Structures are given as structure tokens and as C-alpha cells.
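As provided, upload-v1.txt (compact mmCIF, C-alpha atoms) reads as follows.
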# COMPACT_ATOMS: atom_id res chain seq x y z
CA MET M 1 -13.73 12.00 6.73
CA LYS M 2 -12.91 11.55 3.06
CA LYS M 3 -15.25 12.52 0.24
CA PRO M 4 -16.15 8.96 -0.93
CA ALA M 5 -17.19 7.98 2.60
CA LEU M 6 -19.34 11.11 2.91
CA VAL M 7 -20.97 10.56 -0.49
CA LEU M 8 -21.73 6.89 0.25
CA ILE M 9 -23.13 7.61 3.70
CA ALA M 10 -25.29 10.32 2.13
CA VAL M 11 -26.49 7.73 -0.40
CA VAL M 12 -27.53 5.42 2.47
CA VAL M 13 -29.34 8.15 4.40
CA VAL M 14 -31.14 9.61 1.35
CA SER M 15 -32.16 6.11 0.22
CA TRP M 16 -33.56 5.35 3.67
CA MET M 17 -35.63 8.55 3.55
CA LEU M 18 -36.89 7.74 0.06
CA LEU M 19 -37.75 4.18 1.13
CA LEU M 20 -39.89 5.57 3.94
CA LEU M 21 -41.45 7.99 1.46
CA SER M 22 -42.31 5.08 -0.85
CA PHE M 23 -44.01 3.32 2.10
CA PHE M 24 -45.98 6.49 2.74
CA GLY M 25 -47.06 6.47 -0.91
CA MET M 26 -48.07 2.83 -0.54
CA ALA M 27 -50.13 3.69 2.54
CA MET M 28 -51.97 6.34 0.51
CA ALA M 29 -52.62 3.84 -2.30
CA PHE M 30 -54.00 1.33 0.23
CA LYS M 31 -56.24 4.00 1.68
CA LEU M 32 -57.71 4.60 -1.77
CA THR M 33 -58.50 0.88 -2.22
CA ALA M 34 -59.66 0.37 1.38
CA GLY M 35 -63.37 0.02 0.56
CA LEU M 36 -62.88 -2.70 -2.07
CA HIS M 37 -63.04 -6.48 -1.50
CA GLY M 38 -62.56 -9.70 -3.49
CA LEU M 39 -59.95 -11.48 -5.55
CA SER M 40 -59.31 -8.55 -7.85
CA ILE M 41 -58.32 -6.28 -4.96
CA THR M 42 -55.96 -8.97 -3.63
CA ILE M 43 -54.26 -8.97 -7.02
CA ILE M 44 -54.23 -5.15 -7.14
CA ARG M 45 -52.57 -5.03 -3.71
CA ASP M 46 -49.94 -7.55 -4.80
CA LEU M 47 -49.32 -5.46 -7.91
CA LEU M 48 -48.86 -2.41 -5.68
CA GLY M 49 -46.10 -4.40 -3.97
CA LEU M 50 -44.49 -5.07 -7.34
CA LEU M 51 -44.78 -1.38 -8.20
CA LEU M 52 -42.96 -0.63 -4.96
CA PHE M 53 -40.07 -2.85 -6.05
CA ALA M 54 -39.97 -1.07 -9.42
CA ILE M 55 -39.77 2.26 -7.57
CA TRP M 56 -36.92 0.93 -5.40
CA ALA M 57 -35.03 -0.28 -8.48
CA ALA M 58 -35.38 3.16 -10.09
CA LEU M 59 -34.33 4.81 -6.83
CA PHE M 60 -31.22 2.63 -6.48
CA PHE M 61 -30.32 3.31 -10.12
CA ILE M 62 -30.54 7.07 -9.55
CA MET M 63 -28.38 6.67 -6.40
CA ARG M 64 -25.78 4.76 -8.43
CA GLN M 65 -25.64 7.48 -11.08
CA LEU M 66 -25.40 10.26 -8.49
CA ALA M 67 -22.61 8.51 -6.56
CA ALA M 68 -20.65 7.72 -9.75
CA LYS M 69 -21.01 11.34 -10.90
CA ALA M 70 -20.06 12.84 -7.54
CA LEU M 71 -16.96 10.64 -7.35
CA LYS M 72 -16.06 11.13 -11.05
CA LEU M 73 -15.97 7.42 -11.91
CA TYR M 74 -16.42 8.02 -15.64
CA MET H 1 -35.22 -21.25 28.31
CA SER H 2 -33.25 -19.50 31.01
CA ILE H 3 -31.16 -16.42 30.23
CA LEU H 4 -28.11 -18.23 31.54
CA LEU H 5 -28.52 -21.11 29.08
CA ALA H 6 -29.10 -18.64 26.23
CA LEU H 7 -25.93 -16.74 27.15
CA PHE H 8 -24.03 -20.01 27.40
CA SER H 9 -25.18 -21.09 23.91
CA ILE H 10 -24.09 -17.72 22.46
CA VAL H 11 -20.61 -17.93 24.03
CA LEU H 12 -20.38 -21.61 23.04
CA THR H 13 -21.11 -20.76 19.37
CA PHE H 14 -18.33 -18.16 19.35
CA PHE H 15 -15.74 -20.63 20.59
CA VAL H 16 -16.99 -23.60 18.53
CA VAL H 17 -16.79 -21.56 15.31
CA LEU H 18 -13.40 -20.11 16.29
CA LEU H 19 -11.94 -23.55 17.03
CA LEU H 20 -13.48 -25.04 13.89
CA SER H 21 -12.01 -22.15 11.87
CA ILE H 22 -8.53 -22.88 13.22
CA PHE H 23 -9.07 -26.59 12.48
CA PHE H 24 -10.22 -25.88 8.90
CA GLU H 25 -7.33 -23.46 8.41
CA LYS H 26 -4.84 -26.23 9.18
CA LEU H 27 -6.76 -28.92 7.28
CA LEU H 28 -7.16 -26.84 4.13
CA THR H 29 -3.50 -25.76 4.23
CA ARG H 30 -2.42 -29.40 4.54
CA MET H 31 -4.69 -30.31 1.61
CA GLY H 32 -3.27 -27.44 -0.45
CA LEU H 33 -6.69 -25.81 -0.86
CA MET H 34 -5.49 -22.21 -0.90
CA VAL H 35 -6.04 -19.12 -3.04
CA PRO H 36 -3.95 -15.94 -3.37
CA ASP H 37 -5.04 -12.90 -1.36
CA ALA H 38 -5.54 -10.72 -4.44
CA HIS H 39 -5.21 -7.33 -2.72
CA LYS H 40 -1.86 -7.97 -1.03
CA PRO H 41 1.38 -7.02 -2.85
CA ASP H 42 2.92 -10.46 -2.11
CA LYS H 43 -0.31 -12.33 -3.07
CA LYS H 44 -0.06 -14.45 0.07
CA MET H 45 -1.83 -17.82 -0.11
CA VAL H 46 -4.86 -18.17 2.20
CA PRO H 47 -6.82 -21.40 2.87
CA ARG H 48 -10.39 -21.59 1.54
CA PRO H 49 -13.28 -22.46 2.02
CA GLY H 50 -13.90 -21.82 5.71
CA GLY H 51 -17.68 -21.72 5.19
CA PRO H 52 -18.25 -25.20 6.68
CA ALA H 53 -16.66 -24.01 9.96
CA ILE H 54 -19.29 -21.25 10.32
CA TYR H 55 -22.07 -23.59 9.22
CA ILE H 56 -21.23 -26.50 11.53
CA GLY H 57 -20.69 -24.27 14.59
CA ILE H 58 -23.92 -22.29 14.19
CA ILE H 59 -26.16 -25.17 13.12
CA ILE H 60 -25.02 -27.55 15.90
CA VAL H 61 -25.80 -25.02 18.64
CA ILE H 62 -29.13 -24.01 17.08
CA PHE H 63 -30.20 -27.66 16.85
CA ILE H 64 -29.31 -28.20 20.51
CA VAL H 65 -31.07 -25.14 21.93
CA VAL H 66 -34.01 -24.59 19.56
CA ARG H 67 -36.07 -27.52 18.31
CA ASN H 68 -39.10 -26.78 16.15
CA ILE H 69 -40.29 -26.76 12.55
CA THR H 70 -39.07 -23.23 11.83
CA VAL H 71 -35.53 -24.31 12.65
CA ILE H 72 -35.85 -27.24 10.24
CA ALA H 73 -36.76 -24.81 7.44
CA LEU H 74 -33.95 -22.45 8.43
CA VAL H 75 -31.35 -25.22 8.56
CA ALA H 76 -32.56 -26.81 5.31
CA SER H 77 -32.42 -23.48 3.44
CA ALA H 78 -29.01 -22.60 4.83
CA SER H 79 -27.75 -26.10 3.94
CA ILE H 80 -28.89 -25.76 0.32
CA ALA H 81 -27.04 -22.44 0.07
CA LEU H 82 -23.94 -23.98 1.65
CA LEU H 83 -23.99 -26.93 -0.77
CA ALA H 84 -24.37 -24.59 -3.75
CA GLY H 85 -21.41 -22.61 -2.42
CA LEU H 86 -19.28 -25.71 -1.85
CA PHE H 87 -19.96 -26.82 -5.40
CA ASP H 88 -18.90 -23.37 -6.61
CA ASP H 89 -15.77 -23.44 -4.43
CA PHE H 90 -14.55 -26.63 -6.07
CA PHE H 91 -16.03 -26.63 -9.58
CA ARG H 92 -16.84 -22.95 -10.38
CA PHE H 93 -20.25 -22.03 -11.71
CA GLY H 94 -20.97 -19.77 -14.66
CA GLY H 95 -22.76 -16.44 -14.25
CA ILE H 96 -26.34 -17.71 -14.03
CA GLU H 97 -26.12 -21.08 -12.17
CA LYS H 98 -25.41 -19.57 -8.75
CA PRO H 99 -28.52 -17.31 -8.60
CA VAL H 100 -30.70 -20.19 -9.84
CA LEU H 101 -29.32 -22.74 -7.34
CA THR H 102 -29.54 -20.37 -4.38
CA ALA H 103 -33.18 -19.64 -5.26
CA ILE H 104 -33.85 -23.31 -4.39
CA ALA H 105 -33.04 -22.39 -0.78
CA ALA H 106 -36.58 -20.96 -0.63
CA ALA H 107 -38.08 -24.44 -1.15
CA PRO H 108 -38.04 -25.59 2.52
CA PHE H 109 -39.90 -22.44 3.59
CA ILE H 110 -42.51 -22.82 0.85
CA ILE H 111 -42.96 -26.60 1.33
CA LEU H 112 -43.15 -26.43 5.14
CA GLY H 113 -45.17 -23.21 5.06
CA THR H 114 -42.92 -21.61 7.66
CA TYR H 115 -43.53 -18.05 6.54
CA ASN H 116 -46.08 -15.39 7.24
CA PRO H 117 -47.17 -13.51 4.09
CA ASN H 118 -48.04 -10.46 6.18
CA PRO H 119 -44.96 -8.26 6.44
CA TYR H 120 -45.20 -5.16 8.57
CA VAL H 121 -44.57 -2.00 6.54
CA PRO H 122 -44.00 1.50 8.02
CA PHE H 123 -47.01 3.85 7.58
CA VAL H 124 -49.08 0.97 6.13
CA GLY H 125 -49.12 -1.63 8.91
CA THR H 126 -49.54 -5.33 8.20
CA VAL H 127 -49.74 -6.04 4.48
CA THR H 128 -51.14 -9.32 3.15
CA ILE H 129 -49.35 -10.41 -0.02
CA LYS H 130 -50.41 -14.05 -0.38
CA ILE H 131 -49.65 -14.47 -4.08
CA LEU H 132 -46.47 -12.44 -4.26
CA TYR H 133 -44.81 -13.58 -1.02
CA PRO H 134 -43.61 -17.06 -2.13
CA LEU H 135 -42.14 -15.43 -5.24
CA LEU H 136 -40.42 -12.88 -3.02
CA LEU H 137 -38.97 -15.76 -1.00
CA ILE H 138 -37.47 -17.32 -4.13
CA ALA H 139 -36.05 -13.98 -5.30
CA GLY H 140 -34.96 -12.96 -1.79
CA PHE H 141 -32.86 -16.06 -1.09
CA SER H 142 -31.14 -15.69 -4.43
CA ILE H 143 -30.59 -11.93 -4.07
CA TYR H 144 -29.29 -12.05 -0.48
CA SER H 145 -27.01 -15.06 -1.02
CA ASN H 146 -25.46 -13.60 -4.14
CA ALA H 147 -25.26 -10.02 -2.88
CA THR H 148 -23.41 -11.35 0.18
CA ASN H 149 -21.11 -13.28 -2.13
CA MET H 150 -20.37 -10.11 -4.13
CA LEU H 151 -19.37 -8.21 -0.98
CA ASP H 152 -16.76 -10.78 0.09
CA ILE H 153 -13.82 -9.09 -1.61
CA TYR H 154 -11.64 -7.80 1.24
CA ASN H 155 -10.35 -9.35 4.46
CA GLY H 156 -13.09 -9.61 7.06
CA LEU H 157 -15.31 -7.13 5.22
CA LEU H 158 -18.26 -9.47 4.79
CA THR H 159 -18.34 -11.05 8.24
CA GLY H 160 -17.95 -7.68 10.00
CA SER H 161 -20.64 -6.13 7.81
CA MET H 162 -23.11 -8.96 8.43
CA ILE H 163 -22.53 -8.75 12.19
CA LEU H 164 -23.41 -5.04 12.02
CA ALA H 165 -26.46 -5.82 9.86
CA THR H 166 -27.74 -8.51 12.24
CA VAL H 167 -27.65 -6.25 15.32
CA PRO H 168 -30.82 -4.31 14.25
CA LEU H 169 -32.60 -7.62 13.59
CA SER H 170 -31.77 -8.80 17.12
CA PHE H 171 -32.91 -5.46 18.51
CA TYR H 172 -36.17 -5.73 16.56
CA PHE H 173 -36.82 -9.29 17.78
CA TYR H 174 -36.14 -8.10 21.33
CA ILE H 175 -38.63 -5.19 21.25
CA ARG H 176 -41.23 -7.47 19.63
CA GLY H 177 -40.72 -10.08 22.35
CA GLU H 178 -39.76 -12.81 19.87
CA TYR H 179 -37.15 -14.42 22.07
CA GLN H 180 -36.60 -17.67 20.19
CA ILE H 181 -35.68 -15.94 16.93
CA LEU H 182 -33.72 -13.39 18.99
CA LEU H 183 -31.60 -16.23 20.35
CA ILE H 184 -31.04 -17.62 16.83
CA SER H 185 -29.93 -14.18 15.61
CA LEU H 186 -27.53 -13.80 18.57
CA ILE H 187 -26.10 -17.27 17.89
CA PHE H 188 -25.60 -16.15 14.27
CA ILE H 189 -23.76 -13.00 15.44
CA ALA H 190 -21.62 -15.09 17.81
CA GLY H 191 -20.74 -17.54 15.04
CA LEU H 192 -19.79 -14.74 12.65
CA SER H 193 -17.72 -13.09 15.40
CA GLY H 194 -15.85 -16.37 15.99
CA PHE H 195 -15.06 -16.59 12.30
CA LEU H 196 -14.14 -12.88 12.10
CA VAL H 197 -11.23 -13.51 14.49
CA ARG H 198 -9.55 -15.53 11.69
CA HIS H 199 -11.08 -13.63 8.74
CA VAL H 200 -10.24 -10.10 9.89
CA TYR H 201 -7.39 -8.21 8.15
CA PRO H 202 -4.91 -9.84 7.48
CA SER H 203 -7.03 -12.95 6.84
CA LYS H 204 -5.88 -16.39 7.94
CA LEU H 205 -8.93 -18.07 6.38
CA PHE H 206 -11.42 -17.15 3.65
CA PRO H 207 -15.10 -18.19 3.88
CA GLY H 208 -15.31 -19.09 0.20
CA ASP H 209 -18.59 -19.14 -1.69
CA SER H 210 -19.89 -21.81 0.70
CA GLY H 211 -19.50 -19.34 3.57
CA THR H 212 -20.86 -16.30 1.78
CA LEU H 213 -23.91 -18.01 0.28
CA PHE H 214 -24.68 -19.63 3.65
CA ILE H 215 -24.42 -16.29 5.48
CA GLY H 216 -26.68 -14.54 2.94
CA ALA H 217 -29.30 -17.29 3.01
CA PHE H 218 -29.26 -17.48 6.82
CA TYR H 219 -29.68 -13.70 7.10
CA PHE H 220 -32.64 -13.70 4.71
CA ALA H 221 -34.19 -16.66 6.56
CA LEU H 222 -33.93 -14.64 9.80
CA MET H 223 -35.76 -11.74 8.14
CA VAL H 224 -38.55 -14.05 6.99
CA LEU H 225 -38.92 -16.02 10.24
CA GLY H 226 -38.96 -12.89 12.38
CA ARG H 227 -41.14 -10.85 9.97
CA ALA H 228 -38.33 -8.31 9.87
CA GLU H 229 -38.29 -7.82 6.10
CA ILE H 230 -38.20 -4.03 6.14
CA ILE H 231 -35.80 -3.77 9.09
CA GLY H 232 -33.48 -6.23 7.32
CA VAL H 233 -33.61 -4.37 4.03
CA ILE H 234 -32.70 -1.06 5.72
CA ALA H 235 -29.88 -2.71 7.71
CA THR H 236 -28.41 -4.17 4.53
CA LEU H 237 -28.72 -1.15 2.23
CA PRO H 238 -24.93 -1.14 1.50
CA LEU H 239 -25.11 -4.86 0.61
CA ILE H 240 -28.03 -4.25 -1.74
CA PHE H 241 -26.30 -1.22 -3.27
CA ASN H 242 -23.12 -3.18 -3.95
CA GLY H 243 -24.98 -6.04 -5.66
CA PHE H 244 -27.35 -3.75 -7.55
CA PHE H 245 -24.58 -1.38 -8.67
CA ILE H 246 -22.50 -4.30 -9.99
CA LEU H 247 -25.34 -6.02 -11.84
CA THR H 248 -26.65 -2.83 -13.44
CA SER H 249 -23.18 -1.64 -14.46
CA ILE H 250 -22.19 -4.95 -16.13
CA ARG H 251 -25.78 -5.55 -17.30
CA GLY H 252 -26.69 -8.89 -15.77
CA PHE H 253 -25.06 -12.01 -14.37
CA LYS H 254 -21.69 -12.65 -15.98
CA GLU H 255 -18.82 -15.00 -15.34
CA HIS H 256 -15.93 -13.48 -13.30
CA SER H 257 -13.42 -13.90 -16.12
CA LYS H 258 -15.62 -11.92 -18.53
CA VAL H 259 -15.89 -8.90 -16.23
CA GLN H 260 -13.28 -6.14 -16.09
CA ARG H 261 -11.61 -5.67 -12.68
CA PRO H 262 -13.04 -2.59 -10.93
CA VAL H 263 -9.77 -1.73 -9.16
CA ILE H 264 -6.03 -2.12 -9.66
CA ILE H 265 -3.26 -2.63 -7.10
CA THR H 266 -0.53 0.02 -7.20
CA ASN H 267 3.18 -0.71 -6.66
CA GLU H 268 2.77 0.50 -3.05
CA GLY H 269 0.09 -2.17 -2.50
CA LYS H 270 -2.74 0.37 -2.46
CA ILE H 271 -6.06 0.07 -4.28
CA LEU H 272 -7.06 2.44 -7.07
CA ALA H 273 -10.36 2.64 -9.00
CA VAL H 274 -10.40 1.91 -12.71
CA LYS H 275 -12.11 4.82 -14.51
CA GLY H 276 -14.54 4.44 -17.40
CA ARG H 277 -17.91 2.98 -18.30
CA GLY H 278 -18.63 -0.76 -18.47
CA VAL H 279 -16.41 -1.39 -15.45
CA PRO H 280 -18.37 -2.84 -12.49
CA ILE H 281 -19.38 -0.17 -9.98
CA THR H 282 -18.57 -1.64 -6.58
CA LEU H 283 -18.44 0.02 -3.17
CA ALA H 284 -14.66 -0.57 -3.18
CA ARG H 285 -14.30 1.18 -6.53
CA LEU H 286 -16.31 4.14 -5.26
CA PHE H 287 -14.15 4.34 -2.12
CA ALA H 288 -10.98 4.25 -4.23
CA SER H 289 -12.23 6.78 -6.78
CA GLU H 290 -10.49 9.86 -5.36
CA GLY H 291 -7.03 8.29 -5.19
CA ALA H 292 -5.27 5.15 -4.00
CA VAL H 293 -6.45 3.82 -0.64
CA THR H 294 -5.40 0.92 1.55
CA GLU H 295 -7.46 -2.25 1.90
CA LYS H 296 -8.10 -1.35 5.55
CA GLU H 297 -9.49 2.07 4.57
CA ILE H 298 -12.00 0.40 2.24
CA ILE H 299 -13.00 -2.13 4.90
CA ASN H 300 -13.48 0.62 7.52
CA GLY H 301 -15.45 2.73 5.03
CA VAL H 302 -17.88 -0.08 4.19
CA TRP H 303 -18.24 -0.96 7.88
CA LEU H 304 -19.08 2.69 8.54
CA MET H 305 -21.83 2.49 5.90
CA PHE H 306 -23.22 -0.65 7.57
CA ALA H 307 -23.05 1.03 10.99
CA VAL H 308 -25.09 3.99 9.65
CA SER H 309 -27.59 1.58 8.07
CA ALA H 310 -27.84 -0.34 11.34
CA LEU H 311 -28.58 2.88 13.25
CA LEU H 312 -31.25 3.90 10.71
CA SER H 313 -32.74 0.43 10.94
CA ILE H 314 -32.88 0.56 14.75
CA PHE H 315 -34.41 4.05 14.55
CA THR H 316 -37.06 2.74 12.12
CA ALA H 317 -37.81 -0.17 14.45
CA LEU H 318 -38.23 2.19 17.40
CA VAL H 319 -40.48 4.65 15.56
CA PHE H 320 -42.66 2.33 13.47
CA PHE H 321 -42.56 -1.13 15.02
CA LYS H 322 -42.54 -0.76 18.78
Mind turning this structure into C-alpha cells?
Amino acid sequence: MKKPALVLIAVVVVSWMLLLLSFFGMAMAFKLTAGLHGLSITIIRDLLGLLLFAIWAALFFIMRQLAAKALKLY
Amino acid sequence: MSILLALFSIVLTFFVVLLLSIFFEKLLTRMGLMVPDAHKPDKKMVPRPGGPAIYIGIIIVIFIVVRNITVIALVASASIALLAGLFDDFFRFGGIEKPVLTAIAAAPFIILGTYNPNPYVPFVGTVTIKILYPLLLIAGFSIYSNATNMLDIYNGLLTGSMILATVPLSFYFYIRGEYQILLISLIFIAGLSGFLVRHVYPSKLFPGDSGTLFIGAFYFALMVLGRAEIIGVIATLPLIFNGFFILTSIRGFKEHSKVQRPVIITNEGKILAVKGRGVPITLARLFASEGAVTEKEIINGVWLMFAVSALLSIFTALVFFK
């Protein structure tokens, strides 16, 4: 298998692991807010979802930089 | 519904889409609606758009075998995406119109309320995101339609990739016992397979933006209807990477003509990455970064990525969702 294919498959596998890790982090955050009720906690939980997307965006950006560096695109 | 009837509808979709593709191929050629195959040395002309062939074949069968409100939302959303694509095929949108128009595909789901704002997340369980979910629908339809559109660069690449990405969804619907949505996903796979026969390298017919936007919107609608958001995201990681890498490297939505080509075609008809910053980072460019490669090598490489993603997605479904 050629190097680009290996690098890109590694990107997929590492991203999958980091996605699962981000879900684990989310589970911990939900555990911390488990005892709270009301509108404010609904909003906080939605914001946690947004935070998750921000983490994913950062993660994908890092993956892009790593792949470009490993394959000497610049 | 009996298994026999379900199997019949799946086989029927394959042949209906295949026959419609051949019909559209001839019709579009006769009408002179053809574009050059940019990655071939002879720039052979290929008819486009074949999107309506996929749409008609899949939608007809779904309407016959599944009749309920969720299908109305699915068909309405997919139709909006198809119309946006058809408009783009004939009149060409700028950089921003396509994402905005495809976001409208979320409207049928929001108006009819055919969504469940409780996605299942690994480690967490069912998460209720009442406020955010409709916004995610709007963003999701736009992201998936346009990311699918961005992947449709090489012969058969998109259809093959989306078949691979839909397999984990079908598997997930099967283990969850959601047989109606399972049937819809299998009909989708059958329709894409019928089209792939004509779209595979060397292509006889291109889907056009109508086809790509329809496929992306339909896939996202499947994720929403079957509450398979996470499984779908994992199965389409290469699709998301390609779209995300392009948008972040060119810094936003830009018109095609204003974006530098990520690859060049060598005299031998091979594909070579353009080096330097500011050039869109695509999966194809990454595959061609170590030296010139053939179009087939790029297609096989991306399919391999989708196959790995599909396996990871199935593994996730087995571990966290069973």
C-alpha cells in the first residue's frame, strides 16, 4: 500500500478514536450536570452539543494539517 | 411487508435506475447536454445530468412500497435538493447560493415534525437537544448535500463511496429492528448501484449537481429518520474530511472559477498534486502528493477509506447501539 493511502486511513482511524473520546468527555459533562433541572440546564446541554461540534472542527483541522505535513503538500 | 416483496422492490430499483440511466444517457447526448471528462487525456464528452434517473427510480419504488408521513418528508427534502442541483446544472450558482438553497431541504422535516431530537450518542445514551436539533437539520442538509457534491470529481467515485457509506446505516437499522427505514436504505443502495453501472470508470453518464445534491440530502434524511446520526457521521468521515479540508484551505465558499485547481494532468494522462498553500486540499490531491497517479488509483484509494469508515461504523453500532 502506498504512503498516501496509509496516511489517510490512519487519519480516519485516529479521528474515529478521537470522536469516541469526545463522546466520553460529553458523558462526563452530562454526569456533572445530572442533578440539575429546568430551562437553564436544557440550554446548557444544547451548548455542550455545540461545544462538541467546536471540538470536532478543531480535531478535523489538526487532522488536515497532519496529513498535509506527512504528505509534504506545502 | 413480506421479505419477498422487499427483495423484489430492491431488485426492481436497481433495474429501473439502470434503464433510466441508459435512457438519460441517450436523451442527453441527443440534446447535446455533455461536458468534458476533465481527467481524461482526450477530454471525452460525457452526458450530464443523470441525477433525475437516480431520483425517479428510487422515489417511484419508495412511494409504491412505503406510504407514510416520514416518506413524504424524505421525498420532499430530496426533491428540493434535486431541484437546487438541476438549477445549478443549467444556470450555475455562485459560491454561496448552493449551501443556502440546500439548507431549505430541512424545511419538510421541520414543518412535518418528522424528526426525533433525541440522538443516541456512544457513552452518553439518548441525548435530548430540542433547541439545537432543528438548527442541526438545516446545517446537516446543507453540509451533506454540498460535501457530496465536492466529492463527485472522478468517475464513479461518489456513487461507490455512498454505497459503502450506506451499508453501515442499513446494518444499524437491521440490528435496531427498524425494518421500514432498512428497506428505504436498501432501495437507496440498489438505486445507486444501478447508476454506478453507467457511472463507474470510464463513465458513460455523470450525475451532475442534481444527482450529487440529491444523494447527499437523501443520505442525511436517512440518518435523521433512522436516528443514526453518529453511525452516519462515522461512515462518512472521508466525505466530511474532503469537504472540510477544501473549505478550510480556500477559506469559505467560493466560485469554482476563483479557486486554483488542486491537481494537474500530466502528458501521460496521470494526476499530480499541485504543491503550495492556498490550493484546495482535497482527498485526490493528498493521494497524488507523492507522485503522479492514475484516476483509478485515486478512486480505489478513496473507496478504501470509505470501506474502513464503514467497518468502524459497523463496529461502533455493534459495541454501543445493539
- Step by step: start from the point (-29.6, -4.1, 20.4) in the file's coordinates, keep every protein, DNA or RNA residue that has an atom no farther than 12 Å from it, count all atoms listed in the file, and write the set as a PyMOL selection string. chain H and resi 163-175+182+185-186+189+310-311+313-315+317-318
- Task: When you get a sec, could you note down which chain H residues fall within 9 Å of chain M, using only C-alpha atoms, as JSON, numbers by chain?
- Result: {"H": [121, 122, 123, 124, 125, 127, 128, 129, 130, 131, 132, 133, 234, 237, 238, 240, 241, 244, 245, 248, 273, 274, 275, 276, 277, 281, 283, 285, 286, 287, 288, 289, 290, 301, 302, 304, 305, 308, 309, 312, 313]}
- Task: For CA of Ile264 in chain H and CA of Asn300 in chain H, determine how far apart the two atoms are, in Å to one decimal place.
- Result: 18.9 Å
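One distance worth recording is that between CA of Pro99 in chain H and CA of Ala190 in chain H, which is 27.4 Å.
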Please report as JSON lines every residue of range 225-278 of chain H lying within 10 Å of range 102-115 of chain H, along with the nearest atom pair and their distance in Å (one decimal), using only C-alpha atoms.
{"residue": "H:Leu225", "atom": "CA", "partner": "H:Tyr115", "partner_atom": "CA", "distance": 6.3}
{"residue": "H:Gly226", "atom": "CA", "partner": "H:Tyr115", "partner_atom": "CA", "distance": 9.0}
{"residue": "H:Arg227", "atom": "CA", "partner": "H:Tyr115", "partner_atom": "CA", "distance": 8.3}
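The spacing separating CA of Gly269 in chain H from CA of Thr159 in chain H amounts to 23.1 Å.
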- Message: Which residue is closest to Gly208 in chain H? Choose from H:Asp89, H:Glu229, H:Glu178, H:Glu268 and count only C-alpha atoms.
- Response: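 The shortest atom-to-atom distance to Gly208 in chain H comes from H:Asp89.
In terms of minimum interatomic distance to Phe90 in chain H, H:Met34 ranks closest within H:Met34, H:Ile271, H:Leu205, H:Val279, counting only C-alpha atoms.
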- Could you pull the residues within 12 Å of range 20-24 of chain H, counting only C-alpha atoms, minus those fewer than 6 positions along the same chain, as a ChimeraX atom specification? /H:12-14,30-34,46-58,60,191-199,203-207,211
Box for range 298-315 of chain H: with edges along x, y and z, all listed atoms inside and 3 Å added on each side, what are the centre and edge lengths in Å to one decimal, as lines of an AutoDock Vina configuration file?
center_x = -23.2
center_y = 1.0
center_z = 8.5
size_x = 28.4
size_y = 12.2
size_z = 18.5
Pick out the residues sitting within 6 Å of Ser145 in chain H, and hand them over as a compact mmCIF listing (two decimals) with C-alpha atoms, in the coordinates of the input; count all atoms listed in the file, and ignore anything fewer than 2 positions along from it in its own chain.
# COMPACT_ATOMS: atom_id res chain seq x y z
CA PHE H 141 -32.86 -16.06 -1.09
CA SER H 142 -31.14 -15.69 -4.43
CA ILE H 143 -30.59 -11.93 -4.07
CA ALA H 147 -25.26 -10.02 -2.88
CA THR H 148 -23.41 -11.35 0.18
CA LEU H 213 -23.91 -18.01 0.28
CA GLY H 216 -26.68 -14.54 2.94
CA ALA H 217 -29.30 -17.29 3.01
- Message: At a cut-off of 10 Å, using all atoms listed in the file, what residues contact Phe87 in chain H? Leave out same-chain residues fewer than 5 positions from it and give the result as a ChimeraX atom specification.
- Response: /H:81-82,92-93,98,209-210
